[in-house]
$ cat data_7.cif   # mmCIF, N, CA and C atoms
data_start
loop_
_atom_site.label_atom_id
_atom_site.label_comp_id
_atom_site.auth_asym_id
_atom_site.auth_seq_id
_atom_site.Cartn_x
_atom_site.Cartn_y
_atom_site.Cartn_z
N MET W 7 91.14 110.65 130.55
CA MET W 7 92.38 110.22 131.16
C MET W 7 93.52 111.07 130.57
N THR W 8 94.38 111.57 131.42
CA THR W 8 95.51 112.39 130.96
C THR W 8 96.59 111.50 130.35
N LEU W 9 97.50 112.13 129.63
CA LEU W 9 98.61 111.39 129.04
C LEU W 9 99.46 110.74 130.14
N THR W 10 99.71 111.46 131.20
CA THR W 10 100.48 110.90 132.31
C THR W 10 99.79 109.67 132.87
N GLU W 11 98.48 109.72 133.01
CA GLU W 11 97.74 108.57 133.53
C GLU W 11 97.81 107.39 132.56
N LYS W 12 97.77 107.66 131.26
CA LYS W 12 97.89 106.59 130.27
C LYS W 12 99.26 105.92 130.34
N VAL W 13 100.29 106.73 130.48
CA VAL W 13 101.64 106.18 130.57
C VAL W 13 101.80 105.39 131.86
N LYS W 14 101.29 105.93 132.96
CA LYS W 14 101.36 105.21 134.24
C LYS W 14 100.67 103.86 134.14
N LEU W 15 99.53 103.82 133.47
CA LEU W 15 98.81 102.57 133.28
C LEU W 15 99.66 101.57 132.50
N SER W 16 100.31 102.04 131.44
CA SER W 16 101.15 101.14 130.65
C SER W 16 102.36 100.65 131.44
N LEU W 17 102.81 101.46 132.40
CA LEU W 17 103.94 101.07 133.25
C LEU W 17 103.51 100.29 134.49
N LYS W 18 102.20 100.19 134.68
CA LYS W 18 101.63 99.54 135.87
C LYS W 18 102.03 100.27 137.15
N VAL W 19 102.07 101.60 137.07
CA VAL W 19 102.39 102.45 138.22
C VAL W 19 101.08 102.99 138.77
N THR W 20 100.86 102.81 140.07
CA THR W 20 99.60 103.24 140.68
C THR W 20 99.75 104.42 141.63
N THR W 21 100.96 104.85 141.86
CA THR W 21 101.21 105.95 142.77
C THR W 21 101.59 107.21 142.00
N ASP W 22 101.41 108.35 142.63
CA ASP W 22 101.82 109.62 142.02
C ASP W 22 103.28 109.95 142.33
N ASP W 23 103.95 109.11 143.09
CA ASP W 23 105.31 109.38 143.53
C ASP W 23 106.30 109.52 142.37
N PHE W 24 106.01 108.93 141.23
CA PHE W 24 106.94 108.94 140.11
C PHE W 24 106.50 109.84 138.96
N ASP W 25 105.51 110.68 139.21
CA ASP W 25 104.97 111.53 138.14
C ASP W 25 106.02 112.42 137.49
N ASP W 26 106.92 112.98 138.27
CA ASP W 26 107.96 113.84 137.69
C ASP W 26 108.84 113.05 136.73
N GLU W 27 109.23 111.85 137.12
CA GLU W 27 110.08 111.02 136.26
C GLU W 27 109.30 110.58 135.02
N ILE W 28 108.05 110.22 135.19
CA ILE W 28 107.22 109.80 134.06
C ILE W 28 107.00 110.97 133.10
N ASN W 29 106.73 112.15 133.62
CA ASN W 29 106.58 113.33 132.77
C ASN W 29 107.88 113.66 132.05
N GLY W 30 109.00 113.39 132.69
CA GLY W 30 110.29 113.58 132.03
C GLY W 30 110.45 112.63 130.85
N LEU W 31 110.02 111.38 131.01
CA LEU W 31 110.07 110.43 129.90
C LEU W 31 109.15 110.86 128.77
N ILE W 32 107.96 111.36 129.12
CA ILE W 32 107.03 111.84 128.10
C ILE W 32 107.67 112.98 127.31
N ASN W 33 108.24 113.94 128.01
CA ASN W 33 108.87 115.09 127.35
C ASN W 33 110.06 114.68 126.50
N ALA W 34 110.85 113.73 126.99
CA ALA W 34 112.00 113.24 126.21
C ALA W 34 111.53 112.55 124.94
N CYS W 35 110.45 111.78 125.03
CA CYS W 35 109.93 111.11 123.85
C CYS W 35 109.41 112.12 122.84
N ILE W 36 108.67 113.11 123.31
CA ILE W 36 108.15 114.14 122.40
C ILE W 36 109.31 114.84 121.69
N LYS W 37 110.35 115.16 122.40
CA LYS W 37 111.52 115.79 121.79
C LYS W 37 112.17 114.85 120.77
N ASP W 38 112.27 113.57 121.08
CA ASP W 38 112.84 112.60 120.15
C ASP W 38 111.99 112.50 118.88
N LEU W 39 110.69 112.52 119.02
CA LEU W 39 109.80 112.48 117.86
C LEU W 39 109.95 113.76 117.02
N GLU W 40 110.11 114.90 117.69
CA GLU W 40 110.33 116.16 116.97
C GLU W 40 111.62 116.10 116.17
N ILE W 41 112.67 115.58 116.77
CA ILE W 41 113.97 115.46 116.08
C ILE W 41 113.83 114.59 114.84
N ALA W 42 112.94 113.59 114.90
CA ALA W 42 112.71 112.70 113.76
C ALA W 42 111.84 113.34 112.69
N GLY W 43 111.42 114.59 112.90
CA GLY W 43 110.64 115.30 111.90
C GLY W 43 109.14 115.18 112.06
N ILE W 44 108.71 114.60 113.16
CA ILE W 44 107.28 114.45 113.40
C ILE W 44 106.76 115.75 114.00
N THR W 45 105.81 116.37 113.31
CA THR W 45 105.29 117.67 113.74
C THR W 45 103.89 117.58 114.34
N ASN W 46 103.14 116.54 114.00
CA ASN W 46 101.82 116.36 114.59
C ASN W 46 101.99 115.53 115.85
N LEU W 47 102.09 116.21 116.96
CA LEU W 47 102.28 115.53 118.24
C LEU W 47 101.07 115.73 119.13
N ASP W 48 99.91 115.51 118.54
CA ASP W 48 98.64 115.58 119.26
C ASP W 48 98.62 114.44 120.28
N THR W 49 98.69 114.77 121.55
CA THR W 49 98.80 113.74 122.58
C THR W 49 97.48 113.05 122.88
N THR W 50 96.46 113.29 122.03
CA THR W 50 95.24 112.49 122.10
C THR W 50 95.18 111.50 120.94
N ASP W 51 96.12 111.62 119.99
CA ASP W 51 96.20 110.71 118.84
C ASP W 51 96.69 109.35 119.32
N ALA W 52 95.99 108.30 118.91
CA ALA W 52 96.30 106.95 119.38
C ALA W 52 97.73 106.51 119.07
N LEU W 53 98.25 106.83 117.88
CA LEU W 53 99.61 106.41 117.53
C LEU W 53 100.66 107.18 118.31
N VAL W 54 100.42 108.45 118.54
CA VAL W 54 101.35 109.25 119.35
C VAL W 54 101.37 108.73 120.78
N VAL W 55 100.21 108.46 121.34
CA VAL W 55 100.13 107.93 122.71
C VAL W 55 100.84 106.58 122.79
N ARG W 56 100.61 105.71 121.80
CA ARG W 56 101.24 104.39 121.81
C ARG W 56 102.76 104.52 121.73
N ALA W 57 103.27 105.42 120.90
CA ALA W 57 104.72 105.61 120.81
C ALA W 57 105.28 106.11 122.15
N ILE W 58 104.59 107.04 122.77
CA ILE W 58 105.05 107.57 124.06
C ILE W 58 105.04 106.48 125.12
N CYS W 59 104.01 105.66 125.16
CA CYS W 59 103.95 104.57 126.13
C CYS W 59 105.06 103.55 125.88
N THR W 60 105.32 103.24 124.62
CA THR W 60 106.38 102.28 124.30
C THR W 60 107.74 102.84 124.71
N TYR W 61 107.97 104.12 124.41
CA TYR W 61 109.22 104.77 124.80
C TYR W 61 109.39 104.72 126.32
N ALA W 62 108.32 105.04 127.03
CA ALA W 62 108.38 105.04 128.50
C ALA W 62 108.66 103.64 129.03
N ARG W 63 108.01 102.63 128.47
CA ARG W 63 108.24 101.27 128.93
C ARG W 63 109.69 100.84 128.69
N ALA W 64 110.25 101.26 127.56
CA ALA W 64 111.64 100.89 127.25
C ALA W 64 112.63 101.58 128.19
N ASN W 65 112.26 102.75 128.66
CA ASN W 65 113.20 103.55 129.46
C ASN W 65 112.85 103.62 130.94
N TRP W 66 111.90 102.81 131.37
CA TRP W 66 111.50 102.77 132.78
C TRP W 66 112.24 101.64 133.46
N GLY W 67 113.15 101.98 134.35
CA GLY W 67 113.93 100.95 135.02
C GLY W 67 114.85 100.25 134.04
N SER W 68 114.98 98.96 134.21
CA SER W 68 115.82 98.14 133.33
C SER W 68 115.00 96.95 132.83
N PRO W 69 114.11 97.18 131.87
CA PRO W 69 113.24 96.08 131.43
C PRO W 69 114.04 94.97 130.74
N SER W 70 113.63 93.74 131.00
CA SER W 70 114.33 92.60 130.40
C SER W 70 114.11 92.55 128.88
N ASP W 71 113.04 93.18 128.41
CA ASP W 71 112.75 93.19 126.98
C ASP W 71 113.06 94.55 126.33
N TYR W 72 114.11 95.22 126.85
CA TYR W 72 114.48 96.53 126.35
C TYR W 72 114.66 96.54 124.83
N ASP W 73 115.41 95.58 124.31
CA ASP W 73 115.70 95.56 122.87
C ASP W 73 114.42 95.48 122.05
N LYS W 74 113.51 94.65 122.48
CA LYS W 74 112.23 94.49 121.78
C LYS W 74 111.42 95.80 121.84
N LEU W 75 111.38 96.43 123.01
CA LEU W 75 110.64 97.68 123.18
C LEU W 75 111.29 98.80 122.37
N LYS W 76 112.61 98.88 122.37
CA LYS W 76 113.32 99.90 121.61
C LYS W 76 113.06 99.73 120.12
N GLU W 77 113.11 98.49 119.65
CA GLU W 77 112.85 98.21 118.24
C GLU W 77 111.41 98.60 117.88
N SER W 78 110.48 98.31 118.76
CA SER W 78 109.08 98.65 118.52
C SER W 78 108.90 100.16 118.46
N TYR W 79 109.50 100.88 119.40
CA TYR W 79 109.41 102.34 119.39
C TYR W 79 110.04 102.92 118.13
N ASP W 80 111.21 102.43 117.77
CA ASP W 80 111.88 102.94 116.56
C ASP W 80 111.03 102.71 115.31
N GLU W 81 110.35 101.57 115.24
CA GLU W 81 109.48 101.28 114.10
C GLU W 81 108.27 102.23 114.09
N GLN W 82 107.69 102.46 115.25
CA GLN W 82 106.56 103.39 115.34
C GLN W 82 106.99 104.79 114.90
N LYS W 83 108.14 105.21 115.37
CA LYS W 83 108.67 106.53 115.02
C LYS W 83 108.93 106.62 113.53
N ALA W 84 109.52 105.59 112.96
CA ALA W 84 109.82 105.58 111.52
C ALA W 84 108.54 105.65 110.70
N GLN W 85 107.53 104.90 111.09
CA GLN W 85 106.27 104.92 110.36
C GLN W 85 105.62 106.29 110.41
N MET W 86 105.62 106.91 111.58
CA MET W 86 105.03 108.25 111.69
C MET W 86 105.83 109.27 110.90
N SER W 87 107.16 109.13 110.88
CA SER W 87 107.99 110.11 110.17
C SER W 87 107.83 110.01 108.65
N MET W 88 107.29 108.90 108.17
CA MET W 88 107.06 108.73 106.73
C MET W 88 105.62 109.04 106.33
N SER W 89 104.80 109.43 107.28
CA SER W 89 103.39 109.68 106.99
C SER W 89 103.10 111.18 106.92
N ALA W 90 102.38 111.57 105.90
CA ALA W 90 101.98 112.98 105.76
C ALA W 90 101.06 113.41 106.90
N ASP W 91 100.41 112.46 107.56
CA ASP W 91 99.54 112.79 108.69
C ASP W 91 100.34 113.29 109.90
N TYR W 92 101.63 112.97 109.95
CA TYR W 92 102.44 113.31 111.12
C TYR W 92 103.61 114.24 110.82
N THR W 93 103.78 114.60 109.56
CA THR W 93 104.88 115.49 109.19
C THR W 93 104.37 116.61 108.31
N THR W 94 105.18 117.63 108.15
CA THR W 94 104.82 118.76 107.27
C THR W 94 105.91 119.02 106.26
N PHE W 95 106.24 118.01 105.47
CA PHE W 95 107.27 118.17 104.43
C PHE W 95 106.66 118.75 103.20
#
$ encode --input "data_7.cif" --output "C-alpha cells"
Amino acid sequence: MTLTEKVKLSLKVTTDDFDDEINGLINACIKDLEIAGITNLDTTDALVVRAICTYARANWGSPSDYDKLKESYDEQKAQMSMSADYTTF
C-alpha cells in the first residue's frame, strides 16, 4: 500500500479525486518534520506514517477534534525529534 493510500484510508477517502490535495498534505507534513530536525523520514516507518496520517486528519477539512489531533501530531513530532533513531545530531 502506498503512503497516499494509507493516508486516504485514515481520512476515509475512497476516491482518487482528492489525491493532489492529500499529497500536498503529505508533503507539508514531511517539510514540517524536517523543520523540527527529523532527518529519518522513511515513509515505510510506522511512526512516520502515523505522524503523517495524524497531520492529514488534523488538516483535512474542518475536523471537530482539530485541537486533539493537533496536540497528538505535535507530541508525535516532539518524540521523534528527541530520538536518535529519527535525528542526526
$ closest_residue --input "data_7.cif" --among "W:Ala62, W:Gly67, W:Ser87, W:Ser78" --to "Cys35 in chain W" --atoms "only N, CA and C atoms"
W:Ala62
$ resolve_selection --input "data_7.cif" --expression "the PyMOL selection byres (((chain W and resi 9 and name CA) around 8) and name CA)" --output "ChimeraX atom specification"
/W:7-8,10-13,49-50,55
$ select_by_dssp --input "data_7.cif" --residues "chain W" --states "helix (DSSP H, G or I)" --output "ChimeraX atom specification"
/W:9-17,25-41,52-65,72-87
$ resolve_selection --input "data_7.cif" --expression "the PyMOL selection byres ((chain W and resi 79) around 8)" --output "list in words"
Arg56, Ala57, Ile58, Cys59, Thr60, Tyr61, Asp73, Lys74, Leu75, Lys76, Glu77, Ser78, Asp80, Glu81, Gln82, Lys83, Ala84 and Gln85 of chain W
$ atom_distance --input "data_7.cif" --atom1 "atom N of Ile44 in chain W" --atom2 "atom C of Asp91 in chain W"
9.1 Å
$ atom_distance --input "data_7.cif" --atom1 "atom N of Thr93 in chain W" --atom2 "atom N of Gly43 in chain W"
8.3 Å
$ atom_distance --input "data_7.cif" --atom1 "CA of Pro69 in chain W" --atom2 "atom N of Ala42 in chain W"
24.1 Å
$ closest_residue --input "data_7.cif" --among "W:Lys14, W:Ala90, W:Asp51, W:Asn46" --to "Asn29 in chain W" --atoms "only C-alpha atoms"
W:Lys14
$ closest_residue --input "data_7.cif" --among "W:Ser16, W:Leu53, W:Tyr72, W:Asn65" --to "Leu31 in chain W" --atoms "all atoms listed in the file"
W:Asn65
$ closest_residue --input "data_7.cif" --among "W:Asp25, W:Val54, W:Leu39, W:Leu17" --to "Trp66 in chain W" --atoms "all atoms listed in the file"
W:Leu17
$ build_atoms --input "data_7.cif" --residues "range 14-25 of chain W" --atoms "all heavy atoms" --output "JSON list (two decimals), keeping the file's coordinate frame"
[["chain", "number", "residue", "atom", "x", "y", "z"],
["W", 14, "LYS", "N", 101.29, 105.93, 132.96],
["W", 14, "LYS", "CA", 101.36, 105.21, 134.24],
["W", 14, "LYS", "C", 100.67, 103.86, 134.14],
["W", 14, "LYS", "O", 101.17, 102.86, 134.65],
["W", 14, "LYS", "CB", 100.75, 106.06, 135.36],
["W", 14, "LYS", "CG", 101.63, 107.21, 135.80],
["W", 14, "LYS", "CD", 100.92, 108.18, 136.71],
["W", 14, "LYS", "CE", 100.54, 107.61, 138.03],
["W", 14, "LYS", "NZ", 100.03, 108.65, 138.96],
["W", 15, "LEU", "N", 99.53, 103.82, 133.47],
["W", 15, "LEU", "CA", 98.81, 102.57, 133.28],
["W", 15, "LEU", "C", 99.66, 101.57, 132.50],
["W", 15, "LEU", "O", 99.74, 100.40, 132.86],
["W", 15, "LEU", "CB", 97.48, 102.83, 132.57],
["W", 15, "LEU", "CG", 96.56, 101.64, 132.37],
["W", 15, "LEU", "CD1", 96.10, 101.07, 133.71],
["W", 15, "LEU", "CD2", 95.34, 102.08, 131.55],
["W", 16, "SER", "N", 100.31, 102.04, 131.44],
["W", 16, "SER", "CA", 101.15, 101.14, 130.65],
["W", 16, "SER", "C", 102.36, 100.65, 131.44],
["W", 16, "SER", "O", 102.88, 99.56, 131.18],
["W", 16, "SER", "CB", 101.59, 101.81, 129.34],
["W", 16, "SER", "OG", 102.63, 102.72, 129.56],
["W", 17, "LEU", "N", 102.81, 101.46, 132.40],
["W", 17, "LEU", "CA", 103.94, 101.07, 133.25],
["W", 17, "LEU", "C", 103.51, 100.29, 134.49],
["W", 17, "LEU", "O", 104.35, 99.86, 135.27],
["W", 17, "LEU", "CB", 104.71, 102.32, 133.69],
["W", 17, "LEU", "CG", 105.39, 103.14, 132.61],
["W", 17, "LEU", "CD1", 105.96, 104.43, 133.19],
["W", 17, "LEU", "CD2", 106.45, 102.33, 131.90],
["W", 18, "LYS", "N", 102.20, 100.19, 134.68],
["W", 18, "LYS", "CA", 101.63, 99.54, 135.87],
["W", 18, "LYS", "C", 102.03, 100.27, 137.15],
["W", 18, "LYS", "O", 102.28, 99.66, 138.19],
["W", 18, "LYS", "CB", 101.98, 98.06, 135.91],
["W", 18, "LYS", "CG", 101.41, 97.30, 134.73],
["W", 18, "LYS", "CD", 101.85, 95.86, 134.73],
["W", 18, "LYS", "CE", 101.28, 95.03, 133.62],
["W", 18, "LYS", "NZ", 101.20, 95.54, 132.31],
["W", 19, "VAL", "N", 102.07, 101.60, 137.07],
["W", 19, "VAL", "CA", 102.39, 102.45, 138.22],
["W", 19, "VAL", "C", 101.08, 102.99, 138.77],
["W", 19, "VAL", "O", 100.27, 103.55, 138.03],
["W", 19, "VAL", "CB", 103.32, 103.61, 137.80],
["W", 19, "VAL", "CG1", 103.50, 104.60, 138.93],
["W", 19, "VAL", "CG2", 104.67, 103.07, 137.35],
["W", 20, "THR", "N", 100.86, 102.81, 140.07],
["W", 20, "THR", "CA", 99.60, 103.24, 140.68],
["W", 20, "THR", "C", 99.75, 104.42, 141.63],
["W", 20, "THR", "O", 98.76, 104.93, 142.14],
["W", 20, "THR", "CB", 98.94, 102.07, 141.42],
["W", 20, "THR", "OG1", 99.84, 101.59, 142.42],
["W", 20, "THR", "CG2", 98.57, 100.95, 140.46],
["W", 21, "THR", "N", 100.96, 104.85, 141.86],
["W", 21, "THR", "CA", 101.21, 105.95, 142.77],
["W", 21, "THR", "C", 101.59, 107.21, 142.00],
["W", 21, "THR", "O", 102.04, 107.13, 140.86],
["W", 21, "THR", "CB", 102.34, 105.58, 143.77],
["W", 21, "THR", "OG1", 102.58, 106.69, 144.62],
["W", 21, "THR", "CG2", 103.63, 105.21, 143.06],
["W", 22, "ASP", "N", 101.41, 108.35, 142.63],
["W", 22, "ASP", "CA", 101.82, 109.62, 142.02],
["W", 22, "ASP", "C", 103.28, 109.95, 142.33],
["W", 22, "ASP", "O", 103.79, 110.96, 141.86],
["W", 22, "ASP", "CB", 100.93, 110.76, 142.53],
["W", 22, "ASP", "CG", 99.49, 110.59, 142.12],
["W", 22, "ASP", "OD1", 99.23, 109.92, 141.11],
["W", 22, "ASP", "OD2", 98.61, 111.14, 142.82],
["W", 23, "ASP", "N", 103.95, 109.11, 143.09],
["W", 23, "ASP", "CA", 105.31, 109.38, 143.53],
["W", 23, "ASP", "C", 106.30, 109.52, 142.37],
["W", 23, "ASP", "O", 107.35, 110.16, 142.53],
["W", 23, "ASP", "CB", 105.81, 108.28, 144.47],
["W", 23, "ASP", "CG", 105.06, 108.26, 145.79],
["W", 23, "ASP", "OD1", 104.36, 109.24, 146.11],
["W", 23, "ASP", "OD2", 105.16, 107.24, 146.50],
["W", 24, "PHE", "N", 106.01, 108.93, 141.23],
["W", 24, "PHE", "CA", 106.94, 108.94, 140.11],
["W", 24, "PHE", "C", 106.50, 109.84, 138.96],
["W", 24, "PHE", "O", 107.06, 109.77, 137.87],
["W", 24, "PHE", "CB", 107.14, 107.50, 139.59],
["W", 24, "PHE", "CG", 107.66, 106.56, 140.64],
["W", 24, "PHE", "CD1", 106.80, 105.63, 141.21],
["W", 24, "PHE", "CD2", 108.97, 106.61, 141.06],
["W", 24, "PHE", "CE1", 107.26, 104.77, 142.19],
["W", 24, "PHE", "CE2", 109.44, 105.75, 142.03],
["W", 24, "PHE", "CZ", 108.57, 104.82, 142.61],
["W", 25, "ASP", "N", 105.51, 110.68, 139.21],
["W", 25, "ASP", "CA", 104.97, 111.53, 138.14],
["W", 25, "ASP", "C", 106.02, 112.42, 137.49],
["W", 25, "ASP", "O", 106.01, 112.59, 136.27],
["W", 25, "ASP", "CB", 103.81, 112.39, 138.65],
["W", 25, "ASP", "CG", 102.51, 111.61, 138.77],
["W", 25, "ASP", "OD1", 102.53, 110.37, 138.59],
["W", 25, "ASP", "OD2", 101.47, 112.24, 139.06]]
